[in-house]
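Notes follow once the structure below has been shown.
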There are 2 protein chains.
Amino acid sequence: MTVQTNRSKKDAPTRLVIHGGAGAMVRGKLTPEREFAFTQLLAQSLTAGHAILTAGGSSIDAVIAAIVVMEDSPLLNAGKGAVFTHTGINELDASIMDGATRMAGAVAAVSTIRNPIRAAHAVMKKSKHVMLIGQGAEAFAAEQGLEIVDPSYFFTQFRWNQLQKAITEDRVLRDHDADPAEPLPGKDKKHGTVGAVALDRYGNLAAGTSTGGYTNKQFGRVGDTPIIGAGTYADNHSIAVSATGSGEMFIRAAAAFNAAAQVRFQQLPIAEAADNTLSEIAAIGGDGGLILLDAKGNYAMRFNTSGMYRGTIGSDGVAHIGLFSGEEVPLT
Amino acid sequence: MTVQTNRSKKDAPTRLVIHGGAGAMVRGKLTPEREFAFTQLLAQSLTAGHAILTAGGSSIDAVIAAIVVMEDSPLLNAGKGAVFTHTGINELDASIMDGATRMAGAVAAVSTIRNPIRAAHAVMKKSKHVMLIGQGAEAFAAEQGLEIVDPSYFFTQFRWNQLQKAITEDRVLRDHDADPAEPLPGKDKKHGTVGAVALDRYGNLAAGTSTGGYTNKQFGRVGDTPIIGAGTYADNHSIAVSATGSGEMFIRAAAAFNAAAQVRFQQLPIAEAADNTLSEIAAIGGDGGLILLDAKGNYAMRFNTSGMYRGTIGSDGVAHIGLFSGEEVPLT
């Protein structure tokens with residue numbers, strides 16, 4: 001765990017907020033088994049991050065722990081379970097930012113790093129750079145001793161079937177949970193990115209995001225996830241933010257920094273800043289969601305889609321999880 | 001030229017502002033011949049963009065025209081004349097944004113596209129994406145009919161000598177004009193990115209930026225130039241911005257959007273927004289410059305280094321050019 005120098009606030013309440021993607025999800029199409037599986041996965045992610053925070057770990061380490069659980073699961077579109085590009089490979093992106101120092105790291109278009117969020121963290125901590133891409137990022141991750149896997153590690157039959165269907169129908173899909181047995185939605189409406197924001201007992205914020213991008217996406221396409229200011233931002237003096245949605249519109253709106261700027265420059269409540277940003281994204285044709293957290297522990301999980309897989313856990317250790325709009329279930 | 005629908009303001013004054021990089025430049029080390037060459041190049045860039053604006057062209061086309069002149073010159077670190085990475089290749093980055101629509105395009109780590117700014121524009125206009133990287137970007141540019149060159153096109157002896165010197169001294173250089181016959185500066189102090197912001201007669205803003213990155217940089221490193229919100233931003237409702245400087249710190253500060261957000265959310269004068277952003281970057285160890293322009297034609301060229309190659313031209317057709325702090329020379 002990272003050693004923190006600012007331990008003056010060591011009794012501050014901790015908080016972890018996560019998402020597993022947003023989109024036009026339909027409750028009726030989610031089987032009870034799948035709903036249970038997603039809920040369990042979100043709970044495991046929250047538990048992993050919360051354990052770090054409770055043990056006095058840093059918000060950065062909590063964010064990594066929470067995201068690694070989601071990357072390692074085939075259920076979500078990040079790490080194992082990532083969707084396929086048009087050419088049949090998995091290109092993964094991730095970024096992370098430390099709100100105390102505003103140090104940041106990101107990797108894009110990597111195909112051999114088991115946990116891209118760890119690679120983003122290594123870029124932040126061990127390189128002079130913020131962003132490394134492709135083979136340069138992979139070579140760096142290997143040098144740093146991160147787990148390197150054969151690209152076949154990321155293969156899942158479910159995602160492969162999605163790609164074949166998308167190619168047949170000539171569509172680019174942002175779905176993370178389209179059932180290959182079901183007709184695909186008419187538009188690109190689901191976004192399977194995962195992310196986390198955390199506040200540790202020292203009052204430090206952190207944010208991280210990880211994704212497999214879009215099914216059938218163009219070779220070399222980079223969305224908002226690895227873009228500091230778009231998919232991820234953290235600053236103790238404003239907020240920590242992780243985004244999921246129509247990556248292109250989130251970049252054009254500088255989504256994560258945009259929400260943080262409204263808190264910082266206009267002193268808006270975080271939920272209002274999130275909604276303003278999502279409205280701005282909607283105005284240019286995008287949708288998705290944001291999770292946000294400030295250094296006092298105020299948080300928001302906002303989205304302008306029918307659902308966002310999400311959850312939060314505070315110092316009390318009670319996890320709250322929601323999948324669709326208006327639903328948030330405490331798990332004790 | 002792009003056809004504009006908003007022609008209601010067709011009598012609005014036009015403005016073009018450009019930069020050719022900022023850094024710790026020393027007047028005494030710049031020979032009169034080199035100073036003349038840089039001044040002429042900036043004047044040519046301004047003339048090319050101004051011609052578009054005067055003929056009723058769009059701000060996007062003016063930005064492209066101005067940047068292409070700088071990319072095609074071996075004097076600046078963009079396009080021809082780009083610096084070498086550690087492995088001895090040229091990896092180029094560029095981005096562009098249309099303030100009227102907030103459409104944006106970017107390419108990163110490309111080695112075969114003669115004019116990366118044209119590729120960024122093609123991504124914006126012809127793809128569903130905002131950012132394409134590496135071979136994916138190169139394949140797309142070729143499909144779009146852009147000029148593809150052998151990577152050797154970007155070779156210049158001057159840059160090659162810089163690389164050899166940097167490797168010998170194990171340093172990463174952001175210089176665009178270090179004289180290989182001179183001792184290198186002790187720190188990474190010069191940034192050779194090029195950029196332009198423009199306002200057309202229809203009241204529309206645009207911004208673009210292009211770079212070769214750092215001499216001896218790590219394979220796969222991406223700086224702020226292709227990052228919408230960091231190196232480039234444009235929004236008719238706030239400002240157009242192009243940045244040059246310590247790319248990592250500019251990303252961490254979301255530099256371009258940060259300045260735009262202060263104008264938009266706090267109604268700050270653009271020069272003040274620029275200086276605040278540069279102070280924020282200085283606080284995390286970075287330096288560089290910003291050019292900014294609003295839809296009324298107000299502009300600023302700010303930097304916290306000893307020099308920034310820069311220039312501007314308005315409807316009156318008088319070009320003003322400066323290299324060092326406090327110097328701005330009208331060229332009539």
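Chain lettering (A, B, ...) mirrors the order of the structure tokens, residue numbering begins at 1 for each chain separately, and ligand numbering begins at 1 in order of display.
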
Find the residues around Gly136 in chain A up to 9 Å (only C-alpha atoms counted), leave out those fewer than 3 positions away in its own chain, and share them as a ChimeraX atom specification.
/A:132-133,139-141 /B:218-221

Residues of chain A within 8 Å of chain B, counting only C-alpha atoms, as number ranges by chain:
A: 102-104, 129-137, 218-223, 227-230, 248, 251-252, 254, 257-258, 261-262, 265-266

Pull N, CA and C atoms from the residues just selected and write them as an mmCIF file, in the first residue's frame.
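To be explicit, this is the file written out as result-v1.cif:
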data_model
loop_
_atom_site.group_PDB
_atom_site.id
_atom_site.type_symbol
_atom_site.label_atom_id
_atom_site.label_comp_id
_atom_site.auth_asym_id
_atom_site.auth_seq_id
_atom_site.Cartn_x
_atom_site.Cartn_y
_atom_site.Cartn_z
ATOM 1 N N ARG A 102 -2.368 14.898 -7.889
ATOM 2 C CA ARG A 102 -2.784 14.984 -9.286
ATOM 3 C C ARG A 102 -1.790 14.294 -10.219
ATOM 4 N N MET A 103 -1.092 13.303 -9.713
ATOM 5 C CA MET A 103 -0.335 12.416 -10.592
ATOM 6 C C MET A 103 -1.352 11.529 -11.302
ATOM 7 N N ALA A 104 -1.019 11.137 -12.524
ATOM 8 C CA ALA A 104 -1.957 10.327 -13.294
ATOM 9 C C ALA A 104 -1.199 9.366 -14.188
ATOM 10 N N HIS A 129 5.974 9.565 -17.546
ATOM 11 C CA HIS A 129 4.892 9.894 -18.455
ATOM 12 C C HIS A 129 3.526 9.713 -17.813
ATOM 13 N N VAL A 130 2.525 10.210 -18.489
ATOM 14 C CA VAL A 130 1.144 9.993 -18.058
ATOM 15 C C VAL A 130 0.495 8.916 -18.913
ATOM 16 N N MET A 131 0.801 8.901 -20.194
ATOM 17 C CA MET A 131 0.092 7.979 -21.086
ATOM 18 C C MET A 131 1.060 7.212 -21.971
ATOM 19 N N LEU A 132 0.945 5.898 -21.939
ATOM 20 C CA LEU A 132 1.690 5.035 -22.852
ATOM 21 C C LEU A 132 0.685 4.173 -23.609
ATOM 22 N N ILE A 133 0.962 3.942 -24.888
ATOM 23 C CA ILE A 133 -0.004 3.214 -25.705
ATOM 24 C C ILE A 133 0.633 2.021 -26.403
ATOM 25 N N GLY A 134 -0.227 1.060 -26.746
ATOM 26 C CA GLY A 134 0.159 -0.066 -27.586
ATOM 27 C C GLY A 134 1.365 -0.823 -27.065
ATOM 28 N N GLN A 135 2.241 -1.217 -27.988
ATOM 29 C CA GLN A 135 3.381 -2.046 -27.626
ATOM 30 C C GLN A 135 4.332 -1.331 -26.680
ATOM 31 N N GLY A 136 4.389 -0.014 -26.768
ATOM 32 C CA GLY A 136 5.232 0.727 -25.825
ATOM 33 C C GLY A 136 4.732 0.540 -24.396
ATOM 34 N N ALA A 137 3.420 0.578 -24.232
ATOM 35 C CA ALA A 137 2.825 0.362 -22.909
ATOM 36 C C ALA A 137 3.047 -1.075 -22.454
ATOM 37 N N GLN A 218 -13.230 0.117 -34.562
ATOM 38 C CA GLN A 218 -12.136 0.300 -35.513
ATOM 39 C C GLN A 218 -10.797 0.118 -34.807
ATOM 40 N N PHE A 219 -9.890 -0.548 -35.476
ATOM 41 C CA PHE A 219 -8.516 -0.775 -35.026
ATOM 42 C C PHE A 219 -7.876 0.576 -34.645
ATOM 43 N N GLY A 220 -7.390 0.673 -33.417
ATOM 44 C CA GLY A 220 -6.704 1.894 -32.991
ATOM 45 C C GLY A 220 -7.597 2.944 -32.375
ATOM 46 N N ARG A 221 -8.908 2.675 -32.294
ATOM 47 C CA ARG A 221 -9.806 3.666 -31.695
ATOM 48 C C ARG A 221 -9.563 3.765 -30.189
ATOM 49 N N VAL A 222 -9.455 4.972 -29.691
ATOM 50 C CA VAL A 222 -9.337 5.206 -28.264
ATOM 51 C C VAL A 222 -10.522 6.049 -27.809
ATOM 52 N N GLY A 223 -11.188 5.591 -26.769
ATOM 53 C CA GLY A 223 -12.326 6.327 -26.226
ATOM 54 C C GLY A 223 -11.914 7.187 -25.052
ATOM 55 N N ILE A 227 -8.333 8.733 -21.169
ATOM 56 C CA ILE A 227 -8.069 10.169 -21.307
ATOM 57 C C ILE A 227 -8.321 10.859 -19.966
ATOM 58 N N ILE A 228 -7.230 11.316 -19.360
ATOM 59 C CA ILE A 228 -7.348 12.074 -18.113
ATOM 60 C C ILE A 228 -8.109 13.368 -18.431
ATOM 61 N N GLY A 229 -9.166 13.626 -17.675
ATOM 62 C CA GLY A 229 -10.011 14.791 -17.956
ATOM 63 C C GLY A 229 -11.304 14.400 -18.642
ATOM 64 N N ALA A 230 -11.308 13.265 -19.339
ATOM 65 C CA ALA A 230 -12.534 12.795 -19.999
ATOM 66 C C ALA A 230 -13.127 11.627 -19.218
ATOM 67 N N GLU A 248 -16.744 9.026 -27.370
ATOM 68 C CA GLU A 248 -16.421 10.177 -28.195
ATOM 69 C C GLU A 248 -17.047 11.462 -27.643
ATOM 70 N N ILE A 251 -15.282 12.584 -24.503
ATOM 71 C CA ILE A 251 -14.033 13.310 -24.788
ATOM 72 C C ILE A 251 -14.351 14.744 -25.189
ATOM 73 N N ARG A 252 -15.300 14.903 -26.111
ATOM 74 C CA ARG A 252 -15.614 16.245 -26.620
ATOM 75 C C ARG A 252 -16.108 17.167 -25.508
ATOM 76 N N ALA A 254 -15.034 16.817 -22.394
ATOM 77 C CA ALA A 254 -14.043 16.713 -21.308
ATOM 78 C C ALA A 254 -14.786 16.369 -20.010
ATOM 79 N N PHE A 257 -13.366 16.216 -16.165
ATOM 80 C CA PHE A 257 -12.881 17.517 -15.701
ATOM 81 C C PHE A 257 -14.003 18.538 -15.702
ATOM 82 N N ASN A 258 -14.910 18.436 -16.661
ATOM 83 C CA ASN A 258 -16.042 19.356 -16.759
ATOM 84 C C ASN A 258 -16.852 19.338 -15.456
ATOM 85 N N ALA A 261 -14.780 20.818 -12.719
ATOM 86 C CA ALA A 261 -14.635 22.274 -12.865
ATOM 87 C C ALA A 261 -15.862 23.006 -12.333
ATOM 88 N N GLN A 262 -17.033 22.405 -12.513
ATOM 89 C CA GLN A 262 -18.251 23.060 -12.007
ATOM 90 C C GLN A 262 -18.270 23.080 -10.484
ATOM 91 N N PHE A 265 -15.088 25.685 -9.756
ATOM 92 C CA PHE A 265 -15.204 27.092 -10.147
ATOM 93 C C PHE A 265 -16.569 27.689 -9.843
ATOM 94 N N GLN A 266 -17.595 26.831 -9.721
ATOM 95 C CA GLN A 266 -18.936 27.350 -9.470
ATOM 96 C C GLN A 266 -19.506 26.887 -8.139
#

Using only C-alpha atoms, which protein or nucleic acid residues come within 7 Å of Thr232 in chain B? Drop anything in the same chain fewer than 4 positions from it, and give the result as a PyMOL selection string.
chain B and resi 95-96+207-209+225+227-228+241-243+256

Within 10 Å of Gly195 in chain A using only C-alpha atoms, minus same-chain residues under 2 positions, as a ChimeraX atom specification:
/A:17-21,63-64,66-68,70-71,78,94-96,117,192-193,197,207-211,225,231-232,241-244,290-291,310

Could you take the residues named above and write them with C-alpha atoms, as a PDB file, in the first residue's frame?
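Here's the written file out16.pdb:
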ATOM      1  CA  VAL A  17     -18.069   4.202  -5.266  1.00  0.00           C
ATOM      2  CA  ILE A  18     -17.905   1.908  -8.305  1.00  0.00           C
ATOM      3  CA  HIS A  19     -19.579   1.436 -11.651  1.00  0.00           C
ATOM      4  CA  GLY A  20     -19.666  -1.428 -14.104  1.00  0.00           C
ATOM      5  CA  GLY A  21     -21.045   0.464 -17.084  1.00  0.00           C
ATOM      6  CA  VAL A  63      -9.499   1.995  -6.557  1.00  0.00           C
ATOM      7  CA  ILE A  64      -7.066  -0.549  -7.986  1.00  0.00           C
ATOM      8  CA  ALA A  66     -12.008  -2.617  -6.750  1.00  0.00           C
ATOM      9  CA  ILE A  67     -11.227  -2.393 -10.462  1.00  0.00           C
ATOM     10  CA  VAL A  68      -9.056  -5.524 -10.539  1.00  0.00           C
ATOM     11  CA  MET A  70     -14.125  -6.219 -12.208  1.00  0.00           C
ATOM     12  CA  GLU A  71     -11.286  -6.664 -14.733  1.00  0.00           C
ATOM     13  CA  ALA A  78     -12.764  -4.689 -18.953  1.00  0.00           C
ATOM     14  CA  ALA A  94      -7.323   2.228 -18.453  1.00  0.00           C
ATOM     15  CA  SER A  95      -6.401   5.303 -16.453  1.00  0.00           C
ATOM     16  CA  ILE A  96      -5.936   6.309 -12.843  1.00  0.00           C
ATOM     17  CA  ILE A 117      -5.470  -0.578 -14.261  1.00  0.00           C
ATOM     18  CA  GLY A 192     -19.462  -1.703 -20.272  1.00  0.00           C
ATOM     19  CA  THR A 193     -16.607   0.322 -18.866  1.00  0.00           C
ATOM     20  CA  VAL A 197     -13.597   6.544  -7.003  1.00  0.00           C
ATOM     21  CA  ALA A 207     -10.276   7.739  -9.456  1.00  0.00           C
ATOM     22  CA  GLY A 208      -9.735   4.980 -11.993  1.00  0.00           C
ATOM     23  CA  THR A 209     -11.441   3.579 -15.090  1.00  0.00           C
ATOM     24  CA  SER A 210     -10.880   0.508 -17.282  1.00  0.00           C
ATOM     25  CA  THR A 211     -12.523  -0.731 -20.459  1.00  0.00           C
ATOM     26  CA  THR A 225     -11.452   5.831 -20.599  1.00  0.00           C
ATOM     27  CA  GLY A 231     -12.904   9.324 -18.456  1.00  0.00           C
ATOM     28  CA  THR A 232     -11.061   9.906 -15.188  1.00  0.00           C
ATOM     29  CA  VAL A 241     -14.777  11.210 -11.148  1.00  0.00           C
ATOM     30  CA  SER A 242     -15.019   8.080 -13.290  1.00  0.00           C
ATOM     31  CA  ALA A 243     -17.128   8.031 -16.444  1.00  0.00           C
ATOM     32  CA  THR A 244     -18.816   5.451 -18.635  1.00  0.00           C
ATOM     33  CA  LEU A 290     -20.647   9.393 -13.923  1.00  0.00           C
ATOM     34  CA  ILE A 291     -19.650   8.463 -10.399  1.00  0.00           C
ATOM     35  CA  ARG A 310     -23.111   0.708  -9.569  1.00  0.00           C
TER      36      ARG A 310
END

Gap from CA of Gln157 in chain A to CA of Ala43 in chain A - Å, one decimal:
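Separating CA of Gln157 in chain A from CA of Ala43 in chain A is a distance of 24.8 Å.
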
Write down as an NGL selection string the residues of range 12-183 of chain A whose backbone DSSP state falls under alpha helix (DSSP H).
:A and (32-54 or 59-72 or 116-126 or 134-143 or 157-168)
